[in-house]
>>> print(open('data-v9.txt').read())   # compact mmCIF, C-alpha atoms
# COMPACT_ATOMS: atom_id res chain seq x y z
CA MET A 1 85.82 125.70 116.14
CA MET A 2 86.29 122.48 118.07
CA SER A 3 88.86 121.42 120.65
CA TYR A 4 90.09 117.88 121.14
CA SER A 5 92.39 116.21 123.67
CA PRO A 6 94.98 113.55 122.89
CA SER A 7 93.54 110.14 121.89
CA GLU A 8 90.09 111.64 121.22
CA TYR A 9 88.58 110.82 117.82
CA ILE A 10 87.51 113.51 115.34
CA PHE A 11 85.82 110.78 113.33
CA SER A 12 85.90 106.99 113.41
CA GLU A 13 86.10 104.32 110.75
CA GLY A 14 82.59 103.64 109.45
CA ASP A 15 81.18 107.12 110.26
CA VAL A 16 79.39 108.96 107.48
CA PRO A 17 81.24 112.21 106.70
CA THR A 18 79.21 115.32 107.46
CA TYR A 19 81.91 117.97 107.97
CA TYR A 20 85.00 119.37 106.35
CA TYR A 21 87.80 119.59 108.97
CA GLN A 22 90.87 121.79 108.99
CA ILE A 23 93.52 121.65 111.69
CA ILE A 24 94.36 125.02 113.28
CA SER A 25 96.82 123.68 115.84
CA GLY A 26 97.99 120.30 117.05
CA GLU A 27 98.56 116.94 115.38
CA VAL A 28 96.18 114.26 114.16
CA LYS A 29 96.85 110.78 112.82
CA LEU A 30 94.71 108.91 110.32
CA ASN A 31 94.85 105.27 111.35
CA ASN A 32 93.28 101.83 111.36
CA TYR A 33 93.50 99.02 113.86
CA SER A 34 93.68 95.46 112.60
CA GLU A 35 91.67 92.71 114.27
CA ASP A 36 94.59 91.86 116.53
CA GLY A 37 94.87 95.50 117.63
CA LYS A 38 97.93 96.46 115.60
CA GLU A 39 97.86 100.09 114.54
CA PHE A 40 98.52 101.17 110.97
CA ILE A 41 98.99 104.92 110.44
CA GLN A 42 97.97 106.20 107.01
CA ASN A 43 99.22 109.71 107.64
CA ILE A 44 100.08 112.28 110.31
CA LEU A 45 98.60 115.75 109.79
CA SER A 46 99.27 119.07 111.46
CA ALA A 47 98.31 122.77 111.46
CA GLY A 48 97.05 124.10 108.14
CA GLN A 49 96.13 120.69 106.75
CA SER A 50 92.65 119.40 106.12
CA CYS A 51 91.64 116.04 107.38
CA GLY A 52 89.65 113.35 105.54
CA GLU A 53 88.33 115.85 102.95
CA SER A 54 88.61 113.32 100.10
CA ILE A 55 85.81 111.23 101.59
CA LEU A 56 83.36 114.16 101.21
CA PHE A 57 83.54 113.73 97.45
CA ILE A 58 82.64 110.08 97.20
CA GLY A 59 79.67 109.39 99.46
CA LYS A 60 81.24 106.53 101.39
CA PRO A 61 81.87 106.07 105.13
CA TYR A 62 85.34 106.90 106.45
CA PRO A 63 87.79 104.02 105.89
CA MET A 64 89.91 105.16 108.86
CA ASN A 65 89.89 107.00 112.21
CA ALA A 66 91.21 110.50 112.84
CA GLU A 67 92.82 110.20 116.27
CA VAL A 68 94.23 113.25 118.04
CA ILE A 69 97.94 113.03 118.99
CA THR A 70 98.47 116.40 120.69
CA GLU A 71 95.90 118.93 121.95
CA CYS A 72 94.08 120.15 118.83
CA ARG A 73 91.97 123.00 117.63
CA VAL A 74 90.00 122.13 114.52
CA LEU A 75 87.75 124.24 112.33
CA ARG A 76 84.80 122.31 111.00
CA LEU A 77 82.37 123.28 108.27
CA PRO A 78 79.19 121.33 107.46
CA LYS A 79 79.41 119.48 104.15
CA PRO A 80 76.73 121.52 102.26
CA GLN A 81 78.43 124.81 103.22
CA PHE A 82 81.77 123.39 102.18
CA PHE A 83 80.41 122.64 98.70
CA ASP A 84 78.76 126.09 98.51
CA LEU A 85 82.13 127.59 99.29
CA LEU A 86 83.78 125.55 96.53
CA ASN A 87 81.14 126.52 93.99
CA GLN A 88 81.59 130.18 94.81
CA THR A 89 85.39 129.95 94.73
CA PRO A 90 86.25 127.71 91.78
CA GLN A 91 90.03 128.15 92.17
CA LEU A 92 89.77 126.08 95.35
CA PHE A 93 89.06 123.04 93.16
CA LEU A 94 92.54 123.25 91.75
CA GLU A 95 94.04 123.49 95.22
CA ILE A 96 92.08 120.47 96.31
CA SER A 97 93.16 118.53 93.23
CA THR A 98 96.75 119.36 94.06
CA PHE A 99 96.34 118.29 97.66
CA LEU A 100 94.65 115.02 96.65
CA SER A 101 97.36 114.33 94.07
CA GLN A 102 100.02 114.80 96.73
CA GLY A 103 98.20 112.28 98.87
CA LEU A 104 98.16 109.84 95.97
CA TYR A 105 101.84 110.33 95.31
CA TYR A 106 102.62 109.60 98.96
CA LYS A 107 100.42 106.50 98.90
CA PHE A 108 102.18 105.32 95.77
CA ILE A 109 105.61 105.66 97.39
CA MET A 110 104.51 103.97 100.61
CA MET A 111 102.90 101.15 98.69
CA GLN A 112 106.20 100.40 97.00
CA ASN A 113 108.01 100.53 100.30
CA ILE A 114 105.58 98.26 102.05
CA SER A 115 105.69 95.66 99.29
CA SER A 116 109.34 95.18 100.27
CA GLN A 117 110.07 92.48 102.85
CA ASN A 118 113.16 94.36 103.97
CA PRO A 119 112.45 96.64 106.98
CA ALA A 120 115.37 98.97 106.15
CA THR A 121 113.95 99.56 102.64
CA ARG A 122 110.55 100.40 104.13
CA ILE A 123 111.93 102.84 106.69
CA ARG A 124 114.36 104.44 104.28
CA GLY A 125 111.56 104.92 101.73
CA LEU A 126 109.49 106.76 104.35
CA MET A 127 112.45 108.94 105.33
CA ASP A 128 113.29 109.80 101.71
CA TYR A 129 109.73 110.84 101.14
CA LEU A 130 109.53 113.00 104.27
CA LYS A 131 112.82 114.65 103.48
CA SER A 132 111.77 115.52 99.92
CA LEU A 133 108.40 116.77 101.14
CA HIS A 134 110.08 119.26 103.43
CA GLY A 135 112.23 120.46 100.55
CA ARG A 136 115.47 119.75 102.38
CA SER A 137 118.76 119.43 100.59
CA ASP A 138 120.22 115.99 100.08
CA ALA A 139 122.93 116.65 102.67
CA PRO A 140 123.15 113.65 105.00
CA TYR A 141 121.74 113.99 108.54
CA SER A 142 120.17 117.37 107.72
CA PHE A 143 116.60 116.26 108.36
CA LEU A 144 115.10 115.51 111.75
CA ILE A 145 112.51 112.71 111.45
CA PRO A 146 109.45 114.22 113.17
CA PHE A 147 108.09 110.88 114.39
CA THR A 148 108.59 108.51 117.30
CA ARG A 149 109.88 105.02 116.63
CA LYS A 150 106.44 103.66 117.33
CA GLN A 151 104.94 105.99 114.72
CA VAL A 152 107.61 105.01 112.20
CA ALA A 153 106.66 101.37 112.84
CA SER A 154 102.94 102.03 112.40
CA LEU A 155 103.53 104.02 109.22
CA THR A 156 105.52 101.20 107.62
CA GLY A 157 103.55 98.21 108.89
CA LEU A 158 106.40 96.95 111.10
CA CYS A 159 106.51 95.92 114.76
CA VAL A 160 108.07 98.50 117.08
CA GLU A 161 110.90 96.10 118.01
CA THR A 162 111.75 95.61 114.35
CA ALA A 163 111.71 99.35 113.71
CA ILE A 164 114.03 100.02 116.68
CA ARG A 165 116.44 97.26 115.62
CA THR A 166 116.41 98.44 112.00
CA ILE A 167 117.06 102.08 112.92
CA LYS A 168 120.04 100.96 115.06
CA GLY A 169 121.35 99.02 112.08
CA MET A 170 120.92 102.09 109.89
CA GLU A 171 122.96 104.09 112.38
CA ARG A 172 125.75 101.49 112.19
CA ASP A 173 125.63 101.68 108.39
CA LYS A 174 125.91 105.48 108.65
CA ILE A 175 122.53 106.03 106.97
CA VAL A 176 121.12 107.91 109.97
CA LYS A 177 122.59 109.63 113.01
CA ILE A 178 120.96 109.42 116.43
CA LYS A 179 121.18 112.32 118.85
CA ASP A 180 119.29 112.28 122.17
CA ARG A 181 116.92 109.64 120.80
CA LYS A 182 116.19 111.84 117.77
CA ILE A 183 116.72 110.43 114.28
CA LEU A 184 118.66 112.58 111.80
CA TYR A 185 118.57 111.53 108.15
CA MET B 186 77.17 109.64 86.54
CA LYS B 187 78.85 107.06 88.69
CA THR B 188 82.24 108.17 89.96
CA ILE B 189 85.15 105.91 89.24
CA SER B 190 88.87 106.34 89.77
CA CYS B 191 89.63 107.84 86.36
CA MET B 192 88.25 110.55 84.09
CA ASN B 193 86.32 110.09 80.86
CA ILE B 194 85.91 113.49 79.19
CA ASP B 195 84.10 113.93 75.89
CA GLY B 196 86.72 113.62 73.11
CA SER B 197 85.44 116.57 71.09
CA LEU B 198 85.69 118.83 74.14
CA LEU B 199 89.28 117.71 74.64
CA ARG B 200 90.03 118.54 70.99
CA THR B 201 88.49 122.02 71.39
CA PHE B 202 91.09 122.59 74.09
CA GLY B 203 94.00 121.59 71.90
CA GLY B 204 93.75 117.83 72.31
CA GLU B 205 95.62 115.91 69.62
CA ASP B 206 95.14 112.30 68.56
CA LYS B 207 98.32 110.28 68.85
CA SER B 208 98.92 106.73 67.70
CA PHE B 209 101.26 104.44 69.55
CA LYS B 210 102.59 101.05 68.52
CA LYS B 211 102.49 98.03 70.74
CA GLY B 212 105.36 98.31 73.23
CA GLU B 213 105.82 102.04 72.68
CA LEU B 214 106.19 104.36 75.68
CA VAL B 215 103.70 107.19 76.16
CA TYR B 216 105.90 108.57 78.92
CA ARG B 217 108.84 107.38 80.92
CA GLU B 218 109.65 107.38 84.62
CA GLY B 219 111.50 110.66 85.34
CA ASP B 220 109.76 112.63 82.53
CA HIS B 221 107.93 115.80 83.46
CA ALA B 222 104.14 115.64 83.25
CA MET B 223 103.14 117.86 80.32
CA TYR B 224 99.90 116.32 79.05
CA TYR B 225 96.56 114.91 80.09
CA PHE B 226 96.09 111.48 78.41
CA GLN B 227 92.88 109.63 77.62
CA ILE B 228 92.65 106.34 75.74
CA GLU B 229 90.41 106.20 72.66
CA GLU B 230 91.37 102.67 71.70
CA GLY B 231 93.90 100.14 72.93
CA LYS B 232 95.47 99.28 76.26
CA VAL B 233 98.17 100.93 78.39
CA LYS B 234 100.04 99.62 81.41
CA LEU B 235 101.62 101.74 84.13
CA ASN B 236 104.74 100.11 85.50
CA ASN B 237 108.18 100.57 86.91
CA TYR B 238 111.19 98.40 87.61
CA ASP B 239 113.06 98.02 90.88
CA ASP B 240 116.86 98.05 91.12
CA GLY B 241 116.95 94.33 90.46
CA GLY B 242 114.97 94.76 87.23
CA LYS B 243 111.78 93.27 88.64
CA GLU B 244 108.65 94.74 87.05
CA PHE B 245 105.82 96.26 89.10
CA ILE B 246 102.60 96.76 87.13
CA HIS B 247 100.48 99.37 88.89
CA ASN B 248 97.52 99.35 86.59
CA ILE B 249 96.27 98.40 83.14
CA LEU B 250 93.93 100.90 81.50
CA ALA B 251 91.77 100.77 78.37
CA LYS B 252 89.23 102.69 76.29
CA ASN B 253 87.81 105.91 77.75
CA GLN B 254 90.16 105.90 80.74
CA SER B 255 92.55 108.69 81.68
CA PHE B 256 96.05 108.18 83.06
CA GLY B 257 98.89 110.26 84.50
CA ASP B 258 96.36 112.97 85.39
CA SER B 259 97.22 113.34 89.08
CA MET B 260 100.79 114.31 88.14
CA LEU B 261 99.50 117.43 86.35
CA PHE B 262 98.80 118.96 89.75
CA LEU B 263 102.27 118.33 91.14
CA GLU B 264 105.66 119.70 90.18
CA LYS B 265 107.21 116.26 90.18
CA ALA B 266 108.51 113.80 87.62
CA TYR B 267 106.53 110.66 86.73
CA ALA B 268 107.22 107.83 89.13
CA MET B 269 106.30 105.22 86.52
CA ASN B 270 106.25 104.43 82.80
CA ALA B 271 103.17 104.25 80.58
CA ILE B 272 103.63 101.52 77.94
CA CYS B 273 101.14 100.43 75.25
CA LEU B 274 100.20 96.77 75.47
CA LEU B 275 98.30 97.01 72.16
CA PRO B 276 98.39 99.48 69.28
CA SER B 277 96.68 102.48 70.93
CA GLU B 278 94.95 105.73 70.02
CA VAL B 279 95.38 108.32 72.76
CA ILE B 280 94.14 111.91 72.99
CA ARG B 281 96.65 114.16 74.71
CA VAL B 282 95.94 117.68 75.92
CA PRO B 283 98.77 120.03 76.98
CA LYS B 284 98.81 120.62 80.74
CA ASP B 285 97.96 124.35 80.63
CA ASN B 286 95.04 123.77 78.26
CA PHE B 287 93.76 121.01 80.49
CA LEU B 288 93.87 123.23 83.57
CA GLU B 289 92.06 125.91 81.53
CA LEU B 290 89.43 123.35 80.54
CA LEU B 291 88.84 122.49 84.19
CA LYS B 292 88.54 126.17 85.05
CA GLU B 293 85.96 126.80 82.34
CA HIS B 294 83.96 123.66 83.13
CA PRO B 295 83.49 123.62 86.89
CA HIS B 296 81.54 120.36 86.80
CA LEU B 297 84.68 118.69 85.39
CA SER B 298 86.71 120.17 88.26
CA VAL B 299 84.24 118.54 90.60
CA SER B 300 84.55 115.20 88.79
CA MET B 301 88.31 115.50 88.82
CA ASN B 302 88.25 115.96 92.59
CA ALA B 303 85.81 113.11 92.94
CA CYS B 304 88.02 110.81 90.84
CA LEU B 305 91.16 111.64 92.78
CA SER B 306 89.27 111.16 96.04
CA HIS B 307 87.94 107.84 94.86
CA ARG B 308 91.43 106.70 93.93
CA LEU B 309 92.79 107.86 97.28
CA TYR B 310 90.05 106.01 99.14
CA PHE B 311 90.86 102.71 97.46
CA LYS B 312 94.60 103.29 97.79
CA ALA B 313 94.11 103.82 101.52
CA ILE B 314 92.28 100.51 101.76
CA MET B 315 94.89 98.81 99.61
CA ILE B 316 97.81 100.06 101.64
CA GLN B 317 96.08 98.98 104.83
CA GLY B 318 95.76 95.51 103.31
CA MET B 319 99.44 95.58 102.40
CA ALA B 320 100.46 96.38 105.94
CA SER B 321 98.58 93.32 107.06
CA GLN B 322 100.24 89.91 107.36
CA SER B 323 97.25 88.23 105.77
CA PRO B 324 97.74 87.40 102.07
CA VAL B 325 93.97 87.46 101.49
CA ALA B 326 93.74 91.01 102.91
CA ARG B 327 96.57 92.11 100.64
CA LEU B 328 95.00 90.62 97.53
CA LYS B 329 91.57 91.96 98.36
CA GLY B 330 92.95 95.50 98.83
CA LEU B 331 94.70 95.32 95.47
CA MET B 332 91.65 94.01 93.63
CA ASP B 333 89.28 96.55 95.16
CA TYR B 334 91.67 99.25 94.03
CA LEU B 335 91.94 97.95 90.45
CA LYS B 336 88.21 97.43 90.23
CA SER B 337 87.58 101.04 91.29
CA TYR B 338 88.83 102.18 87.86
CA HIS B 339 86.01 100.35 86.09
CA ASP B 340 82.36 101.24 85.99
CA GLY B 341 81.02 97.71 85.51
CA GLU B 342 77.44 97.06 86.57
CA CYS B 343 76.91 95.74 90.07
CA GLY B 344 77.41 92.03 90.27
CA GLN B 345 79.33 91.95 87.01
CA ALA B 346 82.69 90.33 87.52
CA PHE B 347 85.83 92.35 86.97
CA ASN B 348 88.60 90.58 85.12
CA VAL B 349 91.90 91.10 86.98
CA GLU B 350 94.32 91.30 84.09
CA LEU B 351 97.47 90.58 86.03
CA THR B 352 99.42 87.36 86.13
CA ARG B 353 100.03 85.61 89.43
CA GLN B 354 103.64 86.74 89.22
CA GLN B 355 102.61 90.38 88.76
CA ILE B 356 100.18 90.17 91.67
CA ALA B 357 102.96 88.68 93.77
CA SER B 358 105.36 91.53 93.09
CA LEU B 359 102.70 94.19 93.69
CA THR B 360 101.70 92.75 97.04
CA GLY B 361 105.13 91.65 98.23
CA LEU B 362 104.04 88.01 98.40
CA ARG B 363 105.60 84.90 96.90
CA VAL B 364 103.89 83.43 93.82
CA GLU B 365 103.05 80.20 95.65
CA THR B 366 101.39 82.23 98.40
CA VAL B 367 99.34 84.18 95.83
CA ILE B 368 98.17 80.97 94.15
CA ARG B 369 97.17 79.46 97.49
CA ALA B 370 95.40 82.63 98.66
CA LEU B 371 93.47 82.92 95.36
CA LYS B 372 92.25 79.34 95.74
CA LYS B 373 91.14 80.07 99.27
CA MET B 374 89.30 83.19 98.10
CA GLU B 375 87.55 81.12 95.45
CA LYS B 376 86.44 78.63 98.08
CA ASP B 377 85.09 81.51 100.18
CA ASN B 378 83.18 82.84 97.13
CA ILE B 379 85.14 86.11 97.07
CA LEU B 380 86.16 85.56 93.45
CA SER B 381 85.99 82.95 90.73
CA LEU B 382 88.81 81.38 88.76
CA GLN B 383 88.06 80.40 85.17
CA SER B 384 90.87 78.68 83.32
CA ARG B 385 93.72 81.11 84.21
CA LYS B 386 91.45 84.15 84.58
CA ILE B 387 90.62 85.83 87.88
CA LEU B 388 87.09 87.28 88.04
CA TYR B 389 86.40 89.54 91.01
>>> encode(input="data-v9.txt", output="structure tokens")
Amino acid sequence: MMSYSPSEYIFSEGDVPTYYYQIISGEVKLNNYSEDGKEFIQNILSAGQSCGESILFIGKPYPMNAEVITECRVLRLPKPQFFDLLNQTPQLFLEISTFLSQGLYYKFIMMQNISSQNPATRIRGLMDYLKSLHGRSDAPYSFLIPFTRKQVASLTGLCVETAIRTIKGMERDKIVKIKDRKILY
Amino acid sequence: MKTISCMNIDGSLLRTFGGEDKSFKKGELVYREGDHAMYYFQIEEGKVKLNNYDDGGKEFIHNILAKNQSFGDSMLFLEKAYAMNAICLLPSEVIRVPKDNFLELLKEHPHLSVSMNACLSHRLYFKAIMIQGMASQSPVARLKGLMDYLKSYHDGECGQAFNVELTRQQIASLTGLRVETVIRALKKMEKDNILSLQSRKILY
């Protein structure tokens, strides 16, 4: 069991994976920084989710960082023991396949959003996905977006200013409601 | 065996688990966006493209697959409808295995479960790199991410060039760039020895 403080790294881009990590409490983001320092967030993970497990299967260095957002407790298991565990519990393979497939589905949706030049399309695509993931009804304004505006920007490849402006526009168009800075979709 | 982004399971094993051979004509759909995933598909012969259309009718081609490559497999693990179509570009022979039989096959052949996980992981890795490229303002980064992803489905020998079978227009719509920008960026990548252009072909 490991503990991490905000902005600490669990692993960094380029590291060789040697552990399986599972988050017990707290939040972690998988991100990259471009050469000019702009952050791109691949995903935000929380309690109960594993972190970077797909890289254990392919023998390559991590293509991203795992940066801690809020105080975290993480269970880590050395790679060989992780594979022993899988071999002894074959039904885990199916669970991992499901988890990986979910990741692919998310990437597919985000890819389509990001190929759009329209910031509102990008942000709305992210919100639709999050809402469906949490199994909420389609009722308008029933889902609280669990991210800051800066995180929304980094998840969609936009500048923060653009994200803020776009979200305001979406409020005017009655697509979202804003209550105490929180975004309801 | 080298891991790539798709599966290639022995055809006779697939048939033992209820795999049937299906023939499709050129232009025929194997499945449609919105259909439920009920089968594992693997190409014996021919060529299949995965695509969808946006509201304006613009086509996005996500991948083009050929002999010995699987497709639609990740959807078997999710209770979701297909997010894209699978359309035959050539007359194609495809083995299809019903979902439950395929899951049974994985259960009885743990090494295939491992390969399945490795394939999905491989695909996710290259998608992560691709999406990072897409978020970048640099056209070259976007194109490189896309090509690395497409190449990850092929097990060509090292140093052997991969033929990117997309038109400039298709690349433009996949990367959110304008065609002129794609053409310019490809030329720049050729000059930097990242790829070679032969007649209209892109070799990466």
>>> closest_atom_pairs(input="data-v9.txt", of="chain A", to="chain B", cutoff="9 Å", atoms="only C-alpha atoms", output="CSV")
residue,atom,partner,partner_atom,distance
A:Asn32,CA,B:Gln317,CA,7.7
A:Ser34,CA,B:Ser321,CA,7.7
A:Phe40,CA,B:Gln317,CA,7.0
A:Ile41,CA,B:Gln317,CA,8.7
A:Gln42,CA,B:Ala313,CA,7.1
A:Glu53,CA,B:Ser306,CA,8.4
A:Ser54,CA,B:Ser306,CA,4.6
A:Ile55,CA,B:Ser306,CA,6.5
A:Leu56,CA,B:Ser306,CA,8.4
A:Phe57,CA,B:Ala303,CA,5.1
A:Ile58,CA,B:Ala303,CA,6.1
A:Tyr62,CA,B:Tyr310,CA,8.7
A:Pro63,CA,B:Ile314,CA,7.0
A:Met64,CA,B:Ala313,CA,8.6
A:Asn87,CA,B:Pro295,CA,8.0
A:Pro90,CA,B:Pro295,CA,6.9
A:Gln91,CA,B:Lys292,CA,7.5
A:Phe93,CA,B:Ser298,CA,6.1
A:Leu94,CA,B:Ser298,CA,7.5
A:Glu95,CA,B:Phe262,CA,8.5
A:Ile96,CA,B:Asn302,CA,7.0
A:Ser97,CA,B:Asn302,CA,5.6
A:Thr98,CA,B:Phe262,CA,4.8
A:Phe99,CA,B:Phe262,CA,8.3
A:Leu100,CA,B:Leu305,CA,6.2
A:Ser101,CA,B:Ser259,CA,5.1
A:Gln102,CA,B:Leu263,CA,7.0
A:Gly103,CA,B:Leu309,CA,7.2
A:Leu104,CA,B:Leu309,CA,5.9
A:Tyr105,CA,B:Met260,CA,8.3
A:Lys107,CA,B:Lys312,CA,6.7
A:Phe108,CA,B:Lys312,CA,8.1
A:Ile109,CA,B:Ala268,CA,8.7
A:Met110,CA,B:Ile316,CA,7.8
A:Met111,CA,B:Ile316,CA,6.0
A:Gln112,CA,B:Leu359,CA,7.9
A:Ile114,CA,B:Ala320,CA,6.7
A:Ser115,CA,B:Gly361,CA,4.2
A:Ser116,CA,B:Gly361,CA,5.9
A:Gln117,CA,B:Gly361,CA,6.8
A:Ser154,CA,B:Ala320,CA,8.9
A:Leu155,CA,B:Ala320,CA,8.9
A:Thr156,CA,B:Ala320,CA,7.2
A:Gly157,CA,B:Ala320,CA,4.6
A:Leu158,CA,B:Ala320,CA,7.9
>>> atom_distance(input="data-v9.txt", atom1="atom CA of B:Val349", atom2="atom CA of B:Ile387")
5.5 Å
>>> closest_residue(input="data-v9.txt", among="A:Leu86, A:Leu45, A:Ile164, A:Cys51", to="A:Ile69", atoms="only C-alpha atoms")
A:Leu45
>>> closest_residue(input="data-v9.txt", among="A:Met1, A:Ala47, A:Val68, A:Ala120", to="A:Ile23", atoms="all atoms listed in the file")
A:Ala47
>>> atom_distance(input="data-v9.txt", atom1="atom CA of B:Ser197", atom2="atom CA of B:Val279")
13.0 Å
>>> atom_distance(input="data-v9.txt", atom1="atom CA of A:Val160", atom2="atom CA of A:Pro146")
16.3 Å
>>> closest_residue(input="data-v9.txt", among="B:Glu365, B:Phe287, B:Ala326, B:Ser384", to="B:Leu198", atoms="only C-alpha atoms")
B:Phe287
>>> residues_near_point(input="data-v9.txt", point="(114.9, 109.6, 113.2)", cutoff="12 Å", atoms="all atoms listed in the file", output="number ranges by chain")
A: 123-124, 126-128, 130-131, 141-153, 163-164, 166-168, 170-171, 175-185
>>> axis_aligned_box(input="data-v9.txt", around="stretch 221-236 of chain B", padding_each_side="5 Å", output="lines of an AutoDock Vina configuration file")
center_x = 99.2
center_y = 108.6
center_z = 78.6
size_x = 27.5
size_y = 28.6
size_z = 23.8
>>> residues_around(input="data-v9.txt", residues="B:Arg200", least_positions_apart="6", cutoff="12 Å", atoms="all atoms listed in the file", output="VMD selection string")
chain B and resid 194 206 to 207 225 to 227 279 to 283 286 to 287 290
>>> residues_around(input="data-v9.txt", residues="B:Val325", least_positions_apart="4", cutoff="10 Å", atoms="only C-alpha atoms", output="PyMOL selection string")
chain B and resi 318-319+321+329-331+366-367+369-371+373-374+379
>>> write_last_selection(input="data-v9.txt", atoms="C-alpha atoms", output="PDB file, keeping the file's coordinate frame")
ATOM      1  CA  GLY B 318      95.760  95.510 103.310  1.00  0.00           C
ATOM      2  CA  MET B 319      99.440  95.580 102.400  1.00  0.00           C
ATOM      3  CA  SER B 321      98.580  93.320 107.060  1.00  0.00           C
ATOM      4  CA  LYS B 329      91.570  91.960  98.360  1.00  0.00           C
ATOM      5  CA  GLY B 330      92.950  95.500  98.830  1.00  0.00           C
ATOM      6  CA  LEU B 331      94.700  95.320  95.470  1.00  0.00           C
ATOM      7  CA  THR B 366     101.390  82.230  98.400  1.00  0.00           C
ATOM      8  CA  VAL B 367      99.340  84.180  95.830  1.00  0.00           C
ATOM      9  CA  ARG B 369      97.170  79.460  97.490  1.00  0.00           C
ATOM     10  CA  ALA B 370      95.400  82.630  98.660  1.00  0.00           C
ATOM     11  CA  LEU B 371      93.470  82.920  95.360  1.00  0.00           C
ATOM     12  CA  LYS B 373      91.140  80.070  99.270  1.00  0.00           C
ATOM     13  CA  MET B 374      89.300  83.190  98.100  1.00  0.00           C
ATOM     14  CA  ILE B 379      85.140  86.110  97.070  1.00  0.00           C
TER      15      ILE B 379
END
>>> residues_around(input="data-v9.txt", residues="A:Ile10", least_positions_apart="4", cutoff="10 Å", atoms="only C-alpha atoms", output="list in words")
Met2, Ser3, Tyr4, Tyr21, Val28, Leu30, Cys51, Asn65, Ala66, Glu67, Val68, Cys72 and Val74 of chain A
>>> residues_near_point(input="data-v9.txt", point="(77.0, 118.4, 110.2)", cutoff="8 Å", atoms="only C-alpha atoms", output="PDB file with C-alpha atoms, in the coordinates of the input")
ATOM      1  CA  THR A  18      79.210 115.320 107.460  1.00  0.00           C
ATOM      2  CA  TYR A  19      81.910 117.970 107.970  1.00  0.00           C
ATOM      3  CA  LEU A  77      82.370 123.280 108.270  1.00  0.00           C
ATOM      4  CA  PRO A  78      79.190 121.330 107.460  1.00  0.00           C
ATOM      5  CA  LYS A  79      79.410 119.480 104.150  1.00  0.00           C
TER       6      LYS A  79
END
>>> build_atoms(input="data-v9.txt", residues="stretch 360-373 of chain B", atoms="N, CA and C atoms", output="compact mmCIF listing (two decimals), in the coordinates of the input")
# COMPACT_ATOMS: atom_id res chain seq x y z
N THR B 360 102.16 92.88 95.66
CA THR B 360 101.70 92.75 97.04
C THR B 360 102.82 92.28 97.97
N GLY B 361 104.01 92.09 97.40
CA GLY B 361 105.13 91.65 98.23
C GLY B 361 104.96 90.23 98.75
N LEU B 362 104.23 89.41 97.99
CA LEU B 362 104.04 88.01 98.40
C LEU B 362 104.81 87.10 97.44
N ARG B 363 104.99 85.84 97.83
CA ARG B 363 105.60 84.90 96.90
C ARG B 363 104.51 84.32 96.00
N VAL B 364 104.89 83.93 94.78
CA VAL B 364 103.89 83.43 93.82
C VAL B 364 103.07 82.28 94.40
N GLU B 365 103.76 81.36 95.09
CA GLU B 365 103.05 80.20 95.65
C GLU B 365 101.99 80.68 96.64
N THR B 366 102.33 81.70 97.41
CA THR B 366 101.39 82.23 98.40
C THR B 366 100.18 82.84 97.70
N VAL B 367 100.44 83.57 96.59
CA VAL B 367 99.34 84.18 95.83
C VAL B 367 98.41 83.10 95.32
N ILE B 368 98.98 82.04 94.73
CA ILE B 368 98.17 80.97 94.15
C ILE B 368 97.30 80.33 95.24
N ARG B 369 97.92 80.07 96.38
CA ARG B 369 97.17 79.46 97.49
C ARG B 369 96.06 80.37 97.98
N ALA B 370 96.40 81.68 98.14
CA ALA B 370 95.40 82.63 98.66
C ALA B 370 94.24 82.78 97.67
N LEU B 371 94.54 82.80 96.36
CA LEU B 371 93.47 82.92 95.36
C LEU B 371 92.52 81.73 95.44
N LYS B 372 93.09 80.54 95.63
CA LYS B 372 92.25 79.34 95.74
C LYS B 372 91.34 79.44 96.96
N LYS B 373 91.93 79.93 98.05
CA LYS B 373 91.14 80.07 99.27
C LYS B 373 90.01 81.07 99.05
